[in-house]
Amino acid sequence: MAKVPVLDLSPFLRAQEKAPRPDVTISNLPEDAQVVARTWRQAFAEFGFCQAIGHGVPDDVIENAYATAQKFFQLPFEEKSRCDTGKEYGASSGFTARGKERVSATATEVPDSKVLGAQATRPPDNVESMIFLGREDDVVPDEGYREVMQRYREELRRLLLTTMSLTAVSLDLPMNYFDKYFIMDKQKENEMSLRLAYYPPFEKGAEPLPRQLRYGEHTDYTGFTLLWQDHNIDGPQTAKAIRPPLGGLQVRMPDGSWSDCPPMPGAFTINAGDLIQAWTNDEFLSNVHRVANPPPGDEHARISLVVFTGPGNDTIVEPLPTCVSPERPAKYARISAGEHLRKKLQASNQ
Ligand SMILES: O=C(O)CCC(=O)C(=O)O
Ligand SMILES: [Fe+2]
């Protein structure tokens, strides 16, 4: 069975640092960085996913974010609920309890929806979320939490810019082509949001509802998603080890089958969202994925640190000049990033 490819980003990071100008194109990069860019494009054309190592995010930043997320989700429900603004999932920062989100309901526009079956009838996802937007009015349990998540967000922002630079050069565009759509601006909401996801353990004898999943089938809505999957070990997350995950992320293969995409030691799992697919005129795939239930008897919770990235809400996304030709006409009309996201979030809420 085909597996999501592993990609070491470090040659590209080095080239990025040394690039003589921010608008260099692929032919001006050292050969090893060119190979990364070409492999990047191939991974997203085929799978819409890759496992990225050599990403440059320091271990301690990941450890702190994971430990802080774990501490939060272990709080009694009443305390977590103090961070619930009562707004719909995705409409604000803060906590969303189980039973509020049904992500599979957003997948109705996915082509080949027969594979998804009657997703609209799935019960809500078996997940709690805590969203951090990096804004002054973010709902947080305490200031220590804010500091840790802010640091994580800053480091992941570097990785976000790298993913966009890689995408640009791999499509024969200047390295800084996308930078203008990703300007850090506290007023803009959609450039990055951090979703901490907690999939509770199934206690002995407890069963999921019929058809209920930890997180139903869906594509991600915007740009690249930078996902730290639970490494499922008792020691540090970044100890370069994992315990075989029992139930987790699955990615849909072109033949409609599901391929497990378990965490890989030290890696971020990166996938392209719908706006990347539209921007690249289907060259990059926004692939369908889900989080499966653990097998009966497994009582581990699962925590994911999910960073959704996207161009600013006011960005108009349309197929890139290098992805359109007479043989390959534009398949997407212009979409506003903010409007697209709003519709998806509306569909995901119960
Ligand atoms: O928890 C995971 O592994 C994936 C979560 C996910 O797909 C999402 O948040 O969009
Ligand atoms: Fe997702």
# chains A, B, ... in the order shown; residues from 1 in each chain; ligands from 1

$ closest_atom_pairs --of "chain A" --to "ligand 2" --cutoff "7 Å" --atoms "only C-alpha atoms and all ligand atoms" --output "JSON lines"
{"residue": "A:His218", "atom": "CA", "partner": "ligand 2", "partner_atom_place_in_ligand_line": "1 (Fe)", "distance": 6.4}
{"residue": "A:Thr219", "atom": "CA", "partner": "ligand 2", "partner_atom_place_in_ligand_line": "1 (Fe)", "distance": 5.9}
{"residue": "A:Asp220", "atom": "CA", "partner": "ligand 2", "partner_atom_place_in_ligand_line": "1 (Fe)", "distance": 4.8}
{"residue": "A:His289", "atom": "CA", "partner": "ligand 2", "partner_atom_place_in_ligand_line": "1 (Fe)", "distance": 6.4}
{"residue": "A:Arg290", "atom": "CA", "partner": "ligand 2", "partner_atom_place_in_ligand_line": "1 (Fe)", "distance": 6.9}

$ residues_near_ligand --ligand "ligand 1" --cutoff "6 Å" --atoms "only C-alpha atoms and all ligand atoms" --output "list in words"
Asp220, Gln229, Leu249, Arg290, Val291, Ser304 and Val306 of chain A

$ select_by_dssp --residues "stretch 239-282 of chain A" --states "helix (DSSP H, G or I)" --output "PyMOL selection string"
chain A and resi 274-279

$ write_last_selection --atoms "N, CA and C atoms" --output "compact mmCIF listing (two decimals), in the first residue's frame"
# COMPACT_ATOMS: atom_id res chain seq x y z
N ASP A 274 -8.03 23.16 0.69
CA ASP A 274 -8.80 23.46 -0.54
C ASP A 274 -8.27 24.67 -1.32
N LEU A 275 -7.80 25.69 -0.59
CA LEU A 275 -7.35 26.88 -1.32
C LEU A 275 -6.05 26.62 -2.07
N ILE A 276 -5.24 25.69 -1.57
CA ILE A 276 -4.02 25.32 -2.30
C ILE A 276 -4.41 24.57 -3.57
N GLN A 277 -5.41 23.72 -3.47
CA GLN A 277 -5.85 22.99 -4.66
C GLN A 277 -6.39 23.97 -5.72
N ALA A 278 -7.14 24.97 -5.27
CA ALA A 278 -7.68 25.94 -6.22
C ALA A 278 -6.56 26.80 -6.82
N TRP A 279 -5.65 27.26 -5.96
CA TRP A 279 -4.54 28.10 -6.42
C TRP A 279 -3.70 27.37 -7.49

$ closest_residue --among "A:Cys323, A:Ala43, A:Ile335, A:Val307" --to "A:Asn287" --atoms "only C-alpha atoms"
A:Ala43

$ atom_distance --atom1 "atom CA of A:Phe132" --atom2 "atom CA of A:Gly266"
22.8 Å

$ select_by_dssp --residues "stretch 144-304 of chain A" --states "strand (DSSP E or B)" --output "MDAnalysis selection string"
chainID A and resid 192:199 215:218 224:228 249:252 258:260 268:272 289:291 302:304

$ residues_around --residues "A:Glu203" --least-positions-apart "4" --cutoff "10 Å" --atoms "only C-alpha atoms" --output "ChimeraX atom specification"
/A:207,296-301

$ write_last_selection --atoms "C-alpha atoms" --output "mmCIF file, in the first residue's frame"
data_model
loop_
_atom_site.group_PDB
_atom_site.id
_atom_site.type_symbol
_atom_site.label_atom_id
_atom_site.label_comp_id
_atom_site.auth_asym_id
_atom_site.auth_seq_id
_atom_site.Cartn_x
_atom_site.Cartn_y
_atom_site.Cartn_z
ATOM 1 C CA GLU A 207 -18.380 2.256 22.559
ATOM 2 C CA PRO A 296 -11.615 -1.876 21.331
ATOM 3 C CA GLY A 297 -9.620 -2.079 24.547
ATOM 4 C CA ASP A 298 -7.253 0.769 23.726
ATOM 5 C CA GLU A 299 -7.736 3.426 26.336
ATOM 6 C CA HIS A 300 -5.325 6.074 25.165
ATOM 7 C CA ALA A 301 -6.392 9.609 24.527
#

$ residues_around --residues "A:Arg38" --least-positions-apart "5" --cutoff "12 Å" --atoms "only C-alpha atoms" --output "list in words"
Leu7, Leu9, Phe12, Ile26, Ser27, Leu29, Glu31, Asp32, Ala33, Ala43, Phe44, Ala45, Leu166, Thr167, Ala168, Val169, Ser170, Leu171 and Asp172 of chain A

$ write_last_selection --atoms "N, CA and C atoms" --output "mmCIF file, in the first residue's frame"
data_model
loop_
_atom_site.group_PDB
_atom_site.id
_atom_site.type_symbol
_atom_site.label_atom_id
_atom_site.label_comp_id
_atom_site.auth_asym_id
_atom_site.auth_seq_id
_atom_site.Cartn_x
_atom_site.Cartn_y
_atom_site.Cartn_z
ATOM 1 N N LEU A 7 9.842 13.701 3.769
ATOM 2 C CA LEU A 7 10.642 14.711 3.075
ATOM 3 C C LEU A 7 11.488 15.473 4.099
ATOM 4 N N LEU A 9 13.299 18.666 4.892
ATOM 5 C CA LEU A 9 13.270 20.040 4.364
ATOM 6 C C LEU A 9 14.587 20.780 4.538
ATOM 7 N N PHE A 12 16.473 22.754 1.832
ATOM 8 C CA PHE A 12 15.731 23.931 1.366
ATOM 9 C C PHE A 12 15.830 25.080 2.383
ATOM 10 N N ILE A 26 13.638 28.577 -8.929
ATOM 11 C CA ILE A 26 14.212 27.258 -8.626
ATOM 12 C C ILE A 26 15.609 27.073 -9.233
ATOM 13 N N SER A 27 15.827 27.610 -10.433
ATOM 14 C CA SER A 27 17.115 27.346 -11.085
ATOM 15 C C SER A 27 18.273 28.040 -10.376
ATOM 16 N N LEU A 29 18.695 27.898 -7.148
ATOM 17 C CA LEU A 29 18.925 27.230 -5.858
ATOM 18 C C LEU A 29 19.913 26.083 -6.035
ATOM 19 N N GLU A 31 21.416 22.365 -5.979
ATOM 20 C CA GLU A 31 20.756 21.159 -6.478
ATOM 21 C C GLU A 31 19.953 20.440 -5.381
ATOM 22 N N ASP A 32 20.531 20.344 -4.152
ATOM 23 C CA ASP A 32 19.810 19.582 -3.117
ATOM 24 C C ASP A 32 18.486 20.264 -2.725
ATOM 25 N N ALA A 33 18.462 21.596 -2.783
ATOM 26 C CA ALA A 33 17.215 22.312 -2.476
ATOM 27 C C ALA A 33 16.210 22.154 -3.617
ATOM 28 N N ALA A 43 4.861 14.996 -4.018
ATOM 29 C CA ALA A 43 4.114 14.468 -2.861
ATOM 30 C C ALA A 43 2.702 15.050 -2.831
ATOM 31 N N PHE A 44 2.591 16.351 -3.126
ATOM 32 C CA PHE A 44 1.266 16.971 -3.053
ATOM 33 C C PHE A 44 0.418 16.639 -4.280
ATOM 34 N N ALA A 45 1.083 16.392 -5.412
ATOM 35 C CA ALA A 45 0.322 15.993 -6.601
ATOM 36 C C ALA A 45 -0.266 14.596 -6.393
ATOM 37 N N LEU A 166 8.400 26.870 -0.816
ATOM 38 C CA LEU A 166 8.607 25.605 -1.526
ATOM 39 C C LEU A 166 7.583 25.443 -2.645
ATOM 40 N N THR A 167 6.341 25.764 -2.313
ATOM 41 C CA THR A 167 5.270 25.645 -3.302
ATOM 42 C C THR A 167 5.557 26.573 -4.479
ATOM 43 N N ALA A 168 5.950 27.814 -4.162
ATOM 44 C CA ALA A 168 6.208 28.791 -5.227
ATOM 45 C C ALA A 168 7.311 28.289 -6.155
ATOM 46 N N VAL A 169 8.471 27.947 -5.601
ATOM 47 C CA VAL A 169 9.570 27.564 -6.512
ATOM 48 C C VAL A 169 9.250 26.272 -7.248
ATOM 49 N N SER A 170 8.512 25.377 -6.589
ATOM 50 C CA SER A 170 8.190 24.114 -7.261
ATOM 51 C C SER A 170 7.256 24.341 -8.445
ATOM 52 N N LEU A 171 6.572 25.480 -8.455
ATOM 53 C CA LEU A 171 5.654 25.804 -9.562
ATOM 54 C C LEU A 171 6.250 26.889 -10.470
ATOM 55 N N ASP A 172 7.584 27.008 -10.431
ATOM 56 C CA ASP A 172 8.301 27.964 -11.287
ATOM 57 C C ASP A 172 7.929 29.415 -11.032
#

$ atom_distance --atom1 "atom CA of A:Pro262" --atom2 "atom CA of A:Gln212"
20.2 Å

$ residues_around --residues "stretch 309-319 of chain A" --least-positions-apart "3" --cutoff "10 Å" --atoms "only C-alpha atoms" --output "MDAnalysis selection string"
chainID A and resid 156:157 160:161 178:185 187:194 220:226 272:283 306 322:324 329:342

$ residues_around --residues "stretch 54-70 of chain A" --least-positions-apart "5" --cutoff "9 Å" --atoms "only C-alpha atoms" --output "number ranges by chain"
A: 7-11, 13, 75, 130, 144-145, 148-149, 151-152, 155-156, 158-159, 162, 196-198, 228, 230, 236-239, 266-268, 303-305

$ write_last_selection --atoms "N, CA and C atoms" --output "short mmCIF file (atom, residue, chain, number, x, y, z; two decimals), in the first residue's frame"
data_model
loop_
_atom_site.label_atom_id
_atom_site.label_comp_id
_atom_site.auth_asym_id
_atom_site.auth_seq_id
_atom_site.Cartn_x
_atom_site.Cartn_y
_atom_site.Cartn_z
N LEU A 7 9.84 13.70 3.77
CA LEU A 7 10.64 14.71 3.08
C LEU A 7 11.49 15.47 4.10
N ASP A 8 12.80 15.52 3.86
CA ASP A 8 13.70 16.29 4.73
C ASP A 8 13.83 17.70 4.15
N LEU A 9 13.30 18.67 4.89
CA LEU A 9 13.27 20.04 4.36
C LEU A 9 14.59 20.78 4.54
N SER A 10 15.55 20.19 5.29
CA SER A 10 16.71 21.00 5.70
C SER A 10 17.53 21.59 4.54
N PRO A 11 17.75 20.87 3.43
CA PRO A 11 18.50 21.53 2.35
C PRO A 11 17.79 22.79 1.84
N LEU A 13 15.76 24.73 3.68
CA LEU A 13 15.88 25.78 4.71
C LEU A 13 17.23 26.48 4.59
N LEU A 75 -7.97 19.08 32.64
CA LEU A 75 -8.75 19.84 33.63
C LEU A 75 -10.17 19.31 33.69
N MET A 130 -9.56 23.30 21.30
CA MET A 130 -9.21 24.57 21.93
C MET A 130 -8.45 25.37 20.88
N GLY A 144 0.47 31.81 31.32
CA GLY A 144 1.52 30.86 30.96
C GLY A 144 1.14 30.12 29.68
N TYR A 145 -0.13 29.75 29.60
CA TYR A 145 -0.65 29.06 28.42
C TYR A 145 -0.48 29.95 27.17
N VAL A 148 3.17 30.07 25.93
CA VAL A 148 3.61 28.84 25.27
C VAL A 148 3.01 28.74 23.86
N MET A 149 1.74 29.02 23.74
CA MET A 149 1.07 28.88 22.44
C MET A 149 1.53 29.96 21.47
N ARG A 151 4.50 31.24 21.38
CA ARG A 151 5.84 30.82 20.91
C ARG A 151 5.68 29.73 19.83
N TYR A 152 4.78 28.79 20.09
CA TYR A 152 4.56 27.71 19.12
C TYR A 152 4.10 28.30 17.78
N GLU A 155 6.96 29.95 15.84
CA GLU A 155 7.84 28.98 15.19
C GLU A 155 7.15 28.34 13.98
N LEU A 156 5.87 28.03 14.17
CA LEU A 156 5.14 27.38 13.08
C LEU A 156 4.89 28.35 11.92
N ARG A 158 7.13 30.34 10.79
CA ARG A 158 8.32 30.17 9.95
C ARG A 158 8.14 28.98 9.00
N LEU A 159 7.61 27.90 9.58
CA LEU A 159 7.40 26.71 8.76
C LEU A 159 6.34 26.98 7.68
N THR A 162 7.92 28.73 4.87
CA THR A 162 8.73 27.78 4.10
C THR A 162 7.85 26.94 3.17
N LEU A 196 -5.94 22.91 19.08
CA LEU A 196 -5.50 21.78 19.90
C LEU A 196 -6.70 20.84 19.92
N ALA A 197 -6.45 19.60 19.51
CA ALA A 197 -7.56 18.64 19.47
C ALA A 197 -7.31 17.55 20.48
N TYR A 198 -8.36 17.21 21.19
CA TYR A 198 -8.28 16.15 22.20
C TYR A 198 -9.32 15.10 21.89
N TRP A 228 1.10 18.32 14.25
CA TRP A 228 1.91 17.49 15.12
C TRP A 228 0.98 16.41 15.66
N ASP A 230 0.10 13.08 17.88
CA ASP A 230 0.51 12.50 19.16
C ASP A 230 1.49 11.37 18.91
N PRO A 236 9.27 12.35 26.51
CA PRO A 236 9.10 13.54 25.65
C PRO A 236 8.60 13.17 24.26
N GLN A 237 7.76 14.03 23.75
CA GLN A 237 7.21 13.85 22.40
C GLN A 237 8.28 13.74 21.33
N THR A 238 9.35 14.51 21.54
CA THR A 238 10.34 14.61 20.46
C THR A 238 11.52 13.66 20.69
N ALA A 239 11.29 12.60 21.48
CA ALA A 239 12.38 11.65 21.78
C ALA A 239 12.72 10.79 20.57
N GLY A 266 9.50 12.80 15.20
CA GLY A 266 10.04 14.13 14.92
C GLY A 266 9.43 14.85 13.74
N ALA A 267 8.44 14.25 13.09
CA ALA A 267 7.94 14.85 11.85
C ALA A 267 6.65 15.64 12.05
N PHE A 268 6.50 16.68 11.27
CA PHE A 268 5.19 17.30 11.10
C PHE A 268 4.53 16.66 9.89
N ILE A 303 -3.85 13.50 21.38
CA ILE A 303 -3.82 14.96 21.27
C ILE A 303 -3.14 15.33 19.97
N SER A 304 -3.72 16.24 19.23
CA SER A 304 -3.07 16.75 18.02
C SER A 304 -2.89 18.25 18.17
N LEU A 305 -1.77 18.74 17.68
CA LEU A 305 -1.56 20.19 17.59
C LEU A 305 -1.69 20.53 16.10
#

$ residues_around --residues "A:Ser129" --least-positions-apart "2" --cutoff "8 Å" --atoms "only C-alpha atoms" --output "PyMOL selection string"
chain A and resi 94-97+127+131+195-198

$ closest_residue --among "A:Val288, A:Ala91, A:Ile242, A:Val36" --to "A:Asn349" --atoms "only C-alpha atoms"
A:Ala91
